[in-house]
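Report on the following structure.
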Amino acid sequence: MTTRVSFQGFRYIVRRLVILTIFGLVLFVAAGSWNWPRAWVALAVSLVCELFVLVCLALRAPETLNQRGASHAGVKPFDIVFAVAWVALSGSLAVVAGLDCIRYGWSSLPWPAFVPGLGLVIAATGLGTWAMIENEHFEQFVRIQTDRNHRVVTTGPYRMVRHPGYVAGILGSLAGPLMFGSVWSFVPACMLVVLFIWRTSREDKTLQEELDGYMQYTKQTPHRLIPCAW
């Protein structure tokens, strides 16, 4: 029987679009002006990438989409901390960028800086989508999915690093300051990078201790985020 996008899947789609909308509103409220062409372009790029991910999941991995919109028991407490911190830092990035670039003009990166930011977003979108399609257990929160026959995924990007989804998250975090043109927003962006590294460490430790076959996988793919480094 072919899996279809369920109510939970549609809920996840709406949630993602609402998050992007709120981020944009915070950005412009902090700026104190709607006249910010660079931010509009950056948000348009983000929307296109978000829609690309959602469409790919709906067509290629609808069950992953459904599970990401569902509520689950057994979520690790550290991941609740991560979620709260991620929301706070993402919101802070929007606030700082708006205050920096438009309201007070503390700093300004030239338009050419938008290009590497765009490259990072495209890379993050491609890698994150690939990881979600390859890994049917790619849920929003860390838990051992005993209800779904949780298994170790070793194919696709998981042959190179153990947590490609977090690599995508890091790349996306660093893209914002470049696209918005805000030097000061690198502060919350770098804090987001540290947050993803912390989550990677905690999740990897959890999987080594609780998921059958994961210890063997760490020998096959020894690096968590950066090939030949860590």
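Residues are named by chain letter and number: chains run A, B, ... in the order of the structure tokens, numbers start at 1 in each chain, and ligands are numbered from 1 in the order shown.
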
>> Write out as a ChimeraX atom specification the set of residues from stretch 1-57 of chain A that DSSP, computed on the backbone, places in helix (DSSP H, G or I).
In response: /A:7-31,37-57

> Skipping near chain neighbours, those fewer than 3 positions away, what residues fall within 8 Å of stretch 156-166 of chain A using only C-alpha atoms, listed as a VMD selection string?
Replying inline: chain A and resid 127 to 128 130 to 132 134 153 169 to 170 196 to 197 200 218 221 to 227

> For the atom pair atom CA of A:Pro77 and atom CA of A:Gly172, what is the interatomic distance in Å to one decimal place?
Replying inline: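 Answer for the atom CA of A:Pro77 to atom CA of A:Gly172 separation: 24.6 Å.
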
> Could you work out how far atom CA of A:Ser107 lies from atom CA of A:Val41, giving the answer in Å with one decimal?
Replying inline: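 It comes out at 19.0 Å.
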
> In Å to one decimal, how far is atom CA of A:Val187 from atom CA of A:Ser92?
Replying inline: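 We find that atom CA of A:Ser92 and atom CA of A:Val187 lie 9.4 Å from each other.
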
> So, counting only C-alpha atoms, which residue among A:Asp79, A:Asp100, A:Glu63, A:Glu50 is closest to A:Ala31?
Replying inline: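 Once distances to A:Ala31 are computed over only C-alpha atoms, the minimum belongs to A:Asp100.
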
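If you measure from each of A:Val142, A:Ala39, A:Val55, A:Leu120 to A:Ala73 using only C-alpha atoms, the closest one turns out to be A:Val142.
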
> Which residues come within 6 Å of A:Gly98, counting only C-alpha atoms, excluding same-chain residues fewer than 4 positions away, as a list of chain:residue names?
Replying inline: A:Leu27, A:Ala30, A:Ala31, A:Ile102

>> Let me make sure I understand: among A:Val96, A:Leu109, A:Leu25, A:Cys56, which one has the smallest atom-to-atom distance to A:Arg38 if we use only C-alpha atoms?
In response: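 Residue with the minimum atom-to-atom distance to A:Arg38: A:Leu109.
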
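Minimum distance to A:Arg199 across A:Phe186, A:Tyr12, A:Phe82, A:Trp36 (counting only C-alpha atoms) occurs at A:Phe82.
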
> Pick from A:Ala94, A:Leu178, A:Leu65, A:Val48: nearest to A:Val29, with only C-alpha atoms counted?
Replying inline: A:Ala94

>> For a quick check of understanding, using only C-alpha atoms, which of A:Val121, A:Met179, A:Asp212, A:Pro112 has the smallest distance to A:His150?
In response: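 Ranked by minimum distance to A:His150, first place goes to A:Asp212.
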
>> Can you pull out the residues contacting A:Thr206? Cut-off 10 Å, using only C-alpha atoms, and skip same-chain residues under 3 positions away; I want them as a list in words.
In response: Lys76, Val142, Arg143, Ile144, Thr200, Ser201, Arg202, Glu203, Glu209, Glu210, Leu211 and Tyr214 of chain A

Write out, as a JSON list (two decimals), in the first residue's frame, the residues just selected, with N, CA and C atoms.
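So out_32.json came out as:
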```json
[["chain", "number", "residue", "atom", "x", "y", "z"],
["A", 76, "LYS", "N", 14.20, 12.58, 24.21],
["A", 76, "LYS", "CA", 15.26, 12.79, 25.20],
["A", 76, "LYS", "C", 15.18, 14.21, 25.76],
["A", 142, "VAL", "N", 15.04, 13.72, 19.09],
["A", 142, "VAL", "CA", 15.85, 12.53, 19.33],
["A", 142, "VAL", "C", 15.11, 11.57, 20.25],
["A", 143, "ARG", "N", 14.93, 10.34, 19.81],
["A", 143, "ARG", "CA", 14.37, 9.26, 20.61],
["A", 143, "ARG", "C", 14.74, 7.95, 19.95],
["A", 144, "ILE", "N", 14.75, 6.88, 20.70],
["A", 144, "ILE", "CA", 14.94, 5.56, 20.13],
["A", 144, "ILE", "C", 13.56, 5.07, 19.69],
["A", 200, "THR", "N", 24.67, 17.14, 18.41],
["A", 200, "THR", "CA", 25.30, 16.00, 17.74],
["A", 200, "THR", "C", 25.99, 15.08, 18.74],
["A", 201, "SER", "N", 26.74, 15.69, 19.65],
["A", 201, "SER", "CA", 27.47, 14.91, 20.64],
["A", 201, "SER", "C", 26.52, 14.11, 21.54],
["A", 202, "ARG", "N", 25.44, 14.78, 22.00],
["A", 202, "ARG", "CA", 24.50, 14.11, 22.89],
["A", 202, "ARG", "C", 23.73, 13.01, 22.16],
["A", 203, "GLU", "N", 23.31, 13.29, 20.93],
["A", 203, "GLU", "CA", 22.56, 12.27, 20.19],
["A", 203, "GLU", "C", 23.44, 11.08, 19.86],
["A", 209, "GLU", "N", 24.74, 4.10, 22.94],
["A", 209, "GLU", "CA", 24.34, 3.37, 24.15],
["A", 209, "GLU", "C", 23.05, 2.57, 23.95],
["A", 210, "GLU", "N", 22.15, 3.02, 23.07],
["A", 210, "GLU", "CA", 20.81, 2.46, 23.06],
["A", 210, "GLU", "C", 20.34, 1.85, 21.74],
["A", 211, "LEU", "N", 21.03, 2.13, 20.63],
["A", 211, "LEU", "CA", 20.57, 1.62, 19.33],
["A", 211, "LEU", "C", 21.45, 0.47, 18.87],
["A", 214, "TYR", "N", 24.68, 0.47, 16.24],
["A", 214, "TYR", "CA", 25.26, 1.80, 16.01],
["A", 214, "TYR", "C", 26.76, 1.83, 16.33]]
```

As a PDB file with N, CA and C atoms, in the first residue's frame, please: the residues near A:Phe10 (cut-off 10 Å, only C-alpha atoms, same-chain neighbours under 3 positions excluded).
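In the end it all went to out-v1.pdb:
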```pdb
ATOM      1  N   VAL A   5       0.558  11.384   2.326  1.00  0.00           N
ATOM      2  CA  VAL A   5       0.749  12.418   3.332  1.00  0.00           C
ATOM      3  C   VAL A   5      -0.494  12.473   4.207  1.00  0.00           C
ATOM      4  N   SER A   6      -0.304  12.310   5.510  1.00  0.00           N
ATOM      5  CA  SER A   6      -1.412  12.264   6.455  1.00  0.00           C
ATOM      6  C   SER A   6      -1.682  13.656   7.029  1.00  0.00           C
ATOM      7  N   PHE A   7      -2.625  13.713   7.970  1.00  0.00           N
ATOM      8  CA  PHE A   7      -2.914  14.964   8.662  1.00  0.00           C
ATOM      9  C   PHE A   7      -1.661  15.480   9.362  1.00  0.00           C
ATOM     10  N   ILE A  13       3.893  20.578   7.398  1.00  0.00           N
ATOM     11  CA  ILE A  13       4.054  21.553   6.319  1.00  0.00           C
ATOM     12  C   ILE A  13       3.619  22.937   6.783  1.00  0.00           C
ATOM     13  N   VAL A  14       2.436  23.007   7.393  1.00  0.00           N
ATOM     14  CA  VAL A  14       1.927  24.289   7.886  1.00  0.00           C
ATOM     15  C   VAL A  14       2.863  24.864   8.945  1.00  0.00           C
ATOM     16  N   ARG A  15       3.353  24.003   9.826  1.00  0.00           N
ATOM     17  CA  ARG A  15       4.248  24.455  10.898  1.00  0.00           C
ATOM     18  C   ARG A  15       5.507  25.088  10.329  1.00  0.00           C
ATOM     19  N   ARG A  16       6.096  24.458   9.322  1.00  0.00           N
ATOM     20  CA  ARG A  16       7.314  24.985   8.721  1.00  0.00           C
ATOM     21  C   ARG A  16       7.069  26.341   8.063  1.00  0.00           C
ATOM     22  N   LEU A  54       9.849  20.211   1.239  1.00  0.00           N
ATOM     23  CA  LEU A  54       8.530  19.655   1.555  1.00  0.00           C
ATOM     24  C   LEU A  54       7.968  18.847   0.390  1.00  0.00           C
ATOM     25  N   ALA A  58       7.169  14.873   0.355  1.00  0.00           N
ATOM     26  CA  ALA A  58       5.816  14.414   0.021  1.00  0.00           C
ATOM     27  C   ALA A  58       5.844  13.380  -1.103  1.00  0.00           C
ATOM     28  N   LEU A  65       7.768  12.638   6.357  1.00  0.00           N
ATOM     29  CA  LEU A  65       7.013  13.886   6.519  1.00  0.00           C
ATOM     30  C   LEU A  65       5.941  13.721   7.593  1.00  0.00           C
ATOM     31  N   ASN A  66       5.233  12.608   7.547  1.00  0.00           N
ATOM     32  CA  ASN A  66       4.169  12.354   8.526  1.00  0.00           C
ATOM     33  C   ASN A  66       4.727  12.249   9.943  1.00  0.00           C
ATOM     34  N   GLY A  69       5.654  15.419  11.680  1.00  0.00           N
ATOM     35  CA  GLY A  69       4.531  16.220  12.149  1.00  0.00           C
ATOM     36  C   GLY A  69       3.768  15.584  13.291  1.00  0.00           C
TER      37      GLY A  69
END
```
